[in-house]
Each structure stands twice: as C-alpha cells, then as structure tokens.
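Taking it in order: structure first as structure tokens, then the write-up.
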Amino acid sequence: MLWSLASLLLIVPSGMLLFLAHAPDLFPNPAFRIKLALLLLAALNAIFFHRSIRVEDDAKSIMRGRYAAWISLTLWLSIIAAGRLIAYV
C-alpha cells in the first residue's frame, strides 16, 4: 500500500498540471468526462478492495478480491481507451 500512496502523490499533481495547461479544451470533451468518471469508480473500487479483503483465506474474501481485480482491470483498460479518445472527440 505504501507504493500505491507514493505513486498517487506523484501522479495526481502531474495530472492536475496537465489538465490546467489545457483546461478550456479538455473540460467540454465528453471522453475526458468519461475518463474522470471512470477514475472515480477506480478509486472507489480500490477503497472497497482495501477495506473488504481480509488476511483470512475464506472463500468469500477470495471471491471479493477476484471480483475487485477484474473490475479494476476493466476500469483501467477503459480509462486508457477514454484517454486515447480525448484527441479524437
């Protein structure tokens, strides 16, 4: 979790600076808004994952972890696709 927080402290300011440099162009773009919504969902999924997964090896915890992992992969692939679409929409 330490690596996650450290990388978040690097990524968020750089993303905000990138946005501020092109805010009038990016904000009306629907692909950008979709990307922001997906980022919010990814953050909520990460919070759910860290709060609901326990160290015990019970079947419920393992299945929750698998669902959270698949949701995370799907969200991040969608975030990448939305980011790429920003230039074309």
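Just remember, in the structure tokens the first chain shown is A, the second B, etc., residues are 1-based per chain, and ligands are 1-based in the order shown.
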*Could you pull the residues within 9 Å of segment 25-40 of chain A, counting only C-alpha atoms, minus those fewer than 2 positions along the same chain, as a PyMOL selection string?*
chain A and resi 19+22-23+42-45+75-76+78-89
Go ahead and dump the residues you just picked, all heavy atoms, as a compact mmCIF listing (two decimals), in the first residue's frame.
```txt
# COMPACT_ATOMS: atom_id res chain seq x y z
N PHE A 19 -3.88 18.98 -16.88
CA PHE A 19 -5.24 19.46 -17.08
C PHE A 19 -5.27 20.98 -17.10
O PHE A 19 -5.92 21.59 -17.97
CB PHE A 19 -6.18 18.93 -16.01
CG PHE A 19 -7.52 19.59 -16.02
CD1 PHE A 19 -8.42 19.34 -17.04
CD2 PHE A 19 -7.88 20.48 -15.03
CE1 PHE A 19 -9.66 19.96 -17.08
CE2 PHE A 19 -9.12 21.10 -15.05
CZ PHE A 19 -10.00 20.84 -16.08
N HIS A 22 -4.43 22.72 -20.33
CA HIS A 22 -5.38 22.61 -21.45
C HIS A 22 -6.82 22.53 -20.99
O HIS A 22 -7.66 21.93 -21.66
CB HIS A 22 -5.06 21.36 -22.28
CG HIS A 22 -3.67 21.35 -22.82
ND1 HIS A 22 -3.29 22.12 -23.89
CD2 HIS A 22 -2.56 20.68 -22.42
CE1 HIS A 22 -2.01 21.92 -24.14
NE2 HIS A 22 -1.54 21.05 -23.25
N ALA A 23 -7.13 23.13 -19.86
CA ALA A 23 -8.46 23.02 -19.28
C ALA A 23 -9.59 23.47 -20.21
O ALA A 23 -10.60 22.77 -20.31
CB ALA A 23 -8.53 23.79 -17.96
N ALA A 42 -12.66 3.77 -10.27
CA ALA A 42 -11.46 3.00 -9.94
C ALA A 42 -11.01 3.30 -8.51
O ALA A 42 -10.58 2.39 -7.78
CB ALA A 42 -10.35 3.31 -10.93
N ALA A 43 -11.10 4.55 -8.10
CA ALA A 43 -10.73 4.91 -6.73
C ALA A 43 -11.67 4.25 -5.72
O ALA A 43 -11.23 3.71 -4.70
CB ALA A 43 -10.74 6.42 -6.56
N LEU A 44 -12.96 4.26 -6.03
CA LEU A 44 -13.93 3.60 -5.14
C LEU A 44 -13.69 2.10 -5.08
O LEU A 44 -13.82 1.48 -4.02
CB LEU A 44 -15.35 3.90 -5.60
CG LEU A 44 -15.81 5.36 -5.44
CD1 LEU A 44 -17.18 5.55 -6.08
CD2 LEU A 44 -15.82 5.75 -3.99
N ASN A 45 -13.33 1.50 -6.21
CA ASN A 45 -13.03 0.08 -6.24
C ASN A 45 -11.80 -0.23 -5.38
O ASN A 45 -11.78 -1.23 -4.65
CB ASN A 45 -12.82 -0.39 -7.68
CG ASN A 45 -12.58 -1.87 -7.76
OD1 ASN A 45 -13.36 -2.67 -7.25
ND2 ASN A 45 -11.49 -2.25 -8.41
N LEU A 75 -11.76 -1.35 -15.50
CA LEU A 75 -11.79 0.11 -15.37
C LEU A 75 -10.52 0.74 -15.93
O LEU A 75 -10.59 1.74 -16.65
CB LEU A 75 -11.97 0.50 -13.91
CG LEU A 75 -13.37 0.33 -13.34
CD1 LEU A 75 -13.36 0.52 -11.83
CD2 LEU A 75 -14.32 1.31 -14.00
N TRP A 76 -9.36 0.18 -15.63
CA TRP A 76 -8.12 0.80 -16.10
C TRP A 76 -7.96 0.68 -17.62
O TRP A 76 -7.45 1.61 -18.26
CB TRP A 76 -6.91 0.25 -15.35
CG TRP A 76 -6.83 0.85 -13.99
CD1 TRP A 76 -7.10 0.26 -12.80
CD2 TRP A 76 -6.53 2.22 -13.69
NE1 TRP A 76 -6.97 1.16 -11.78
CE2 TRP A 76 -6.62 2.37 -12.30
CE3 TRP A 76 -6.18 3.32 -14.46
CZ2 TRP A 76 -6.37 3.58 -11.66
CZ3 TRP A 76 -5.94 4.53 -13.82
CH2 TRP A 76 -6.03 4.66 -12.45
N SER A 78 -10.48 0.74 -19.63
CA SER A 78 -11.44 1.74 -20.10
C SER A 78 -10.89 3.15 -19.94
O SER A 78 -11.11 4.02 -20.79
CB SER A 78 -12.76 1.60 -19.35
OG SER A 78 -13.29 0.32 -19.53
N ILE A 79 -10.17 3.40 -18.86
CA ILE A 79 -9.56 4.71 -18.63
C ILE A 79 -8.52 4.99 -19.72
O ILE A 79 -8.45 6.11 -20.25
CB ILE A 79 -8.92 4.78 -17.23
CG1 ILE A 79 -10.02 4.82 -16.18
CG2 ILE A 79 -7.99 5.98 -17.09
CD1 ILE A 79 -9.54 4.58 -14.76
N ILE A 80 -7.73 4.00 -20.06
CA ILE A 80 -6.74 4.16 -21.12
C ILE A 80 -7.43 4.46 -22.45
O ILE A 80 -7.03 5.36 -23.19
CB ILE A 80 -5.85 2.91 -21.23
CG1 ILE A 80 -4.97 2.79 -19.99
CG2 ILE A 80 -5.00 2.94 -22.50
CD1 ILE A 80 -4.27 1.46 -19.85
N ALA A 81 -8.49 3.72 -22.75
CA ALA A 81 -9.22 3.94 -24.01
C ALA A 81 -9.84 5.34 -24.04
O ALA A 81 -9.77 6.04 -25.06
CB ALA A 81 -10.30 2.87 -24.17
N ALA A 82 -10.43 5.77 -22.93
CA ALA A 82 -11.03 7.11 -22.88
C ALA A 82 -9.95 8.18 -23.03
O ALA A 82 -10.17 9.20 -23.71
CB ALA A 82 -11.80 7.30 -21.58
N GLY A 83 -8.80 7.96 -22.43
CA GLY A 83 -7.69 8.90 -22.57
C GLY A 83 -7.24 9.04 -24.02
O GLY A 83 -6.92 10.13 -24.50
N ARG A 84 -7.20 7.91 -24.71
CA ARG A 84 -6.80 7.95 -26.12
C ARG A 84 -7.87 8.64 -26.97
O ARG A 84 -7.57 9.29 -27.96
CB ARG A 84 -6.56 6.53 -26.65
CG ARG A 84 -5.39 5.81 -26.03
CD ARG A 84 -4.07 6.49 -26.27
NE ARG A 84 -3.80 6.65 -27.69
CZ ARG A 84 -3.13 7.66 -28.22
NH1 ARG A 84 -2.63 8.60 -27.46
NH2 ARG A 84 -2.95 7.74 -29.52
N LEU A 85 -9.13 8.48 -26.59
CA LEU A 85 -10.23 9.09 -27.36
C LEU A 85 -10.32 10.59 -27.20
O LEU A 85 -10.96 11.25 -28.01
CB LEU A 85 -11.56 8.45 -26.97
CG LEU A 85 -11.81 7.05 -27.49
CD1 LEU A 85 -13.08 6.48 -26.89
CD2 LEU A 85 -11.89 7.06 -28.99
N ILE A 86 -9.69 11.13 -26.17
CA ILE A 86 -9.75 12.58 -25.96
C ILE A 86 -9.26 13.35 -27.19
O ILE A 86 -9.83 14.37 -27.55
CB ILE A 86 -8.93 12.98 -24.69
CG1 ILE A 86 -9.65 12.47 -23.44
CG2 ILE A 86 -8.72 14.47 -24.61
CD1 ILE A 86 -8.84 12.64 -22.17
N ALA A 87 -8.26 12.84 -27.84
CA ALA A 87 -7.70 13.54 -29.00
C ALA A 87 -8.62 13.50 -30.22
O ALA A 87 -8.50 14.33 -31.11
CB ALA A 87 -6.36 12.93 -29.37
N TYR A 88 -9.54 12.54 -30.25
CA TYR A 88 -10.36 12.35 -31.46
C TYR A 88 -11.79 12.80 -31.31
O TYR A 88 -12.54 12.80 -32.28
CB TYR A 88 -10.33 10.87 -31.85
CG TYR A 88 -8.93 10.36 -32.05
CD1 TYR A 88 -8.34 9.48 -31.14
CD2 TYR A 88 -8.18 10.78 -33.13
CE1 TYR A 88 -7.07 9.03 -31.31
CE2 TYR A 88 -6.87 10.34 -33.31
CZ TYR A 88 -6.34 9.47 -32.40
OH TYR A 88 -5.06 9.03 -32.57
N VAL A 89 -12.22 13.15 -30.12
CA VAL A 89 -13.62 13.56 -29.92
C VAL A 89 -13.70 15.07 -29.87
O VAL A 89 -12.92 15.75 -29.35
CB VAL A 89 -14.19 12.93 -28.63
CG1 VAL A 89 -15.61 13.41 -28.38
CG2 VAL A 89 -14.15 11.43 -28.73
```
*Going by DSSP on the backbone, which bits of chain A are alpha helix (DSSP H)? Write them as number ranges by chain, please.*
A: 2-21, 23-26, 30-52, 59-85
How would the residues just chosen look if you wrote them out with C-alpha atoms as a PDB file, in the first residue's frame?
```
ATOM      1  CA  LEU A   2       2.971   2.304   0.530  1.00  0.00           C
ATOM      2  CA  TRP A   3       3.869   2.089  -3.160  1.00  0.00           C
ATOM      3  CA  SER A   4       0.299   2.924  -4.118  1.00  0.00           C
ATOM      4  CA  LEU A   5       0.244   6.047  -1.976  1.00  0.00           C
ATOM      5  CA  ALA A   6       3.690   7.164  -3.128  1.00  0.00           C
ATOM      6  CA  SER A   7       2.757   6.794  -6.789  1.00  0.00           C
ATOM      7  CA  LEU A   8      -0.540   8.576  -6.177  1.00  0.00           C
ATOM      8  CA  LEU A   9       1.381  11.524  -4.724  1.00  0.00           C
ATOM      9  CA  LEU A  10       3.361  11.711  -7.964  1.00  0.00           C
ATOM     10  CA  ILE A  11       0.585  11.084 -10.458  1.00  0.00           C
ATOM     11  CA  VAL A  12      -2.153  13.376  -9.133  1.00  0.00           C
ATOM     12  CA  PRO A  13      -0.148  16.636  -9.233  1.00  0.00           C
ATOM     13  CA  SER A  14       1.242  15.868 -12.677  1.00  0.00           C
ATOM     14  CA  GLY A  15      -2.241  15.079 -13.984  1.00  0.00           C
ATOM     15  CA  MET A  16      -3.612  18.285 -12.493  1.00  0.00           C
ATOM     16  CA  LEU A  17      -0.833  20.323 -14.102  1.00  0.00           C
ATOM     17  CA  LEU A  18      -1.538  18.681 -17.448  1.00  0.00           C
ATOM     18  CA  PHE A  19      -5.238  19.461 -17.084  1.00  0.00           C
ATOM     19  CA  LEU A  20      -4.627  23.081 -16.074  1.00  0.00           C
ATOM     20  CA  ALA A  21      -2.473  23.620 -19.161  1.00  0.00           C
ATOM     21  CA  ALA A  23      -8.463  23.022 -19.278  1.00  0.00           C
ATOM     22  CA  PRO A  24     -10.594  25.013 -21.785  1.00  0.00           C
ATOM     23  CA  ASP A  25     -10.047  22.321 -24.424  1.00  0.00           C
ATOM     24  CA  LEU A  26     -10.407  19.285 -22.170  1.00  0.00           C
ATOM     25  CA  PRO A  30     -17.083  14.026 -23.400  1.00  0.00           C
ATOM     26  CA  ALA A  31     -14.224  11.494 -23.487  1.00  0.00           C
ATOM     27  CA  PHE A  32     -12.429  13.478 -20.785  1.00  0.00           C
ATOM     28  CA  ARG A  33     -15.525  13.495 -18.589  1.00  0.00           C
ATOM     29  CA  ILE A  34     -15.940   9.748 -19.084  1.00  0.00           C
ATOM     30  CA  LYS A  35     -12.300   9.285 -18.101  1.00  0.00           C
ATOM     31  CA  LEU A  36     -12.833  11.301 -14.905  1.00  0.00           C
ATOM     32  CA  ALA A  37     -15.911   9.250 -14.023  1.00  0.00           C
ATOM     33  CA  LEU A  38     -14.003   6.017 -14.611  1.00  0.00           C
ATOM     34  CA  LEU A  39     -11.132   7.284 -12.440  1.00  0.00           C
ATOM     35  CA  LEU A  40     -13.608   7.950  -9.651  1.00  0.00           C
ATOM     36  CA  LEU A  41     -15.003   4.429  -9.999  1.00  0.00           C
ATOM     37  CA  ALA A  42     -11.461   3.001  -9.937  1.00  0.00           C
ATOM     38  CA  ALA A  43     -10.730   4.907  -6.725  1.00  0.00           C
ATOM     39  CA  LEU A  44     -13.927   3.605  -5.139  1.00  0.00           C
ATOM     40  CA  ASN A  45     -13.032   0.079  -6.236  1.00  0.00           C
ATOM     41  CA  ALA A  46      -9.583   0.417  -4.634  1.00  0.00           C
ATOM     42  CA  ILE A  47     -11.139   1.655  -1.391  1.00  0.00           C
ATOM     43  CA  PHE A  48     -13.603  -1.256  -1.444  1.00  0.00           C
ATOM     44  CA  PHE A  49     -10.761  -3.693  -2.083  1.00  0.00           C
ATOM     45  CA  HIS A  50      -8.599  -2.449   0.784  1.00  0.00           C
ATOM     46  CA  ARG A  51     -11.482  -2.337   3.249  1.00  0.00           C
ATOM     47  CA  SER A  52     -13.201  -5.609   2.412  1.00  0.00           C
ATOM     48  CA  ALA A  59     -13.847 -18.263   0.180  1.00  0.00           C
ATOM     49  CA  LYS A  60     -15.831 -15.027   0.457  1.00  0.00           C
ATOM     50  CA  SER A  61     -12.716 -12.878   0.827  1.00  0.00           C
ATOM     51  CA  ILE A  62     -11.005 -14.610  -2.083  1.00  0.00           C
ATOM     52  CA  MET A  63     -14.005 -14.109  -4.368  1.00  0.00           C
ATOM     53  CA  ARG A  64     -14.289 -10.426  -3.373  1.00  0.00           C
ATOM     54  CA  GLY A  65     -10.630 -10.000  -4.225  1.00  0.00           C
ATOM     55  CA  ARG A  66     -11.088 -11.640  -7.610  1.00  0.00           C
ATOM     56  CA  TYR A  67     -14.124  -9.508  -8.440  1.00  0.00           C
ATOM     57  CA  ALA A  68     -12.311  -6.352  -7.377  1.00  0.00           C
ATOM     58  CA  ALA A  69      -9.313  -7.345  -9.516  1.00  0.00           C
ATOM     59  CA  TRP A  70     -11.435  -7.936 -12.619  1.00  0.00           C
ATOM     60  CA  ILE A  71     -13.320  -4.699 -12.072  1.00  0.00           C
ATOM     61  CA  SER A  72     -10.008  -2.873 -11.631  1.00  0.00           C
ATOM     62  CA  LEU A  73      -8.567  -4.304 -14.842  1.00  0.00           C
ATOM     63  CA  THR A  74     -11.712  -3.418 -16.762  1.00  0.00           C
ATOM     64  CA  LEU A  75     -11.788   0.105 -15.369  1.00  0.00           C
ATOM     65  CA  TRP A  76      -8.120   0.801 -16.104  1.00  0.00           C
ATOM     66  CA  LEU A  77      -8.390  -0.500 -19.665  1.00  0.00           C
ATOM     67  CA  SER A  78     -11.439   1.741 -20.102  1.00  0.00           C
ATOM     68  CA  ILE A  79      -9.556   4.711 -18.635  1.00  0.00           C
ATOM     69  CA  ILE A  80      -6.738   4.164 -21.124  1.00  0.00           C
ATOM     70  CA  ALA A  81      -9.218   3.942 -24.010  1.00  0.00           C
ATOM     71  CA  ALA A  82     -11.032   7.111 -22.882  1.00  0.00           C
ATOM     72  CA  GLY A  83      -7.690   8.904 -22.573  1.00  0.00           C
ATOM     73  CA  ARG A  84      -6.800   7.948 -26.118  1.00  0.00           C
ATOM     74  CA  LEU A  85     -10.228   9.086 -27.364  1.00  0.00           C
TER      75      LEU A  85
END
```
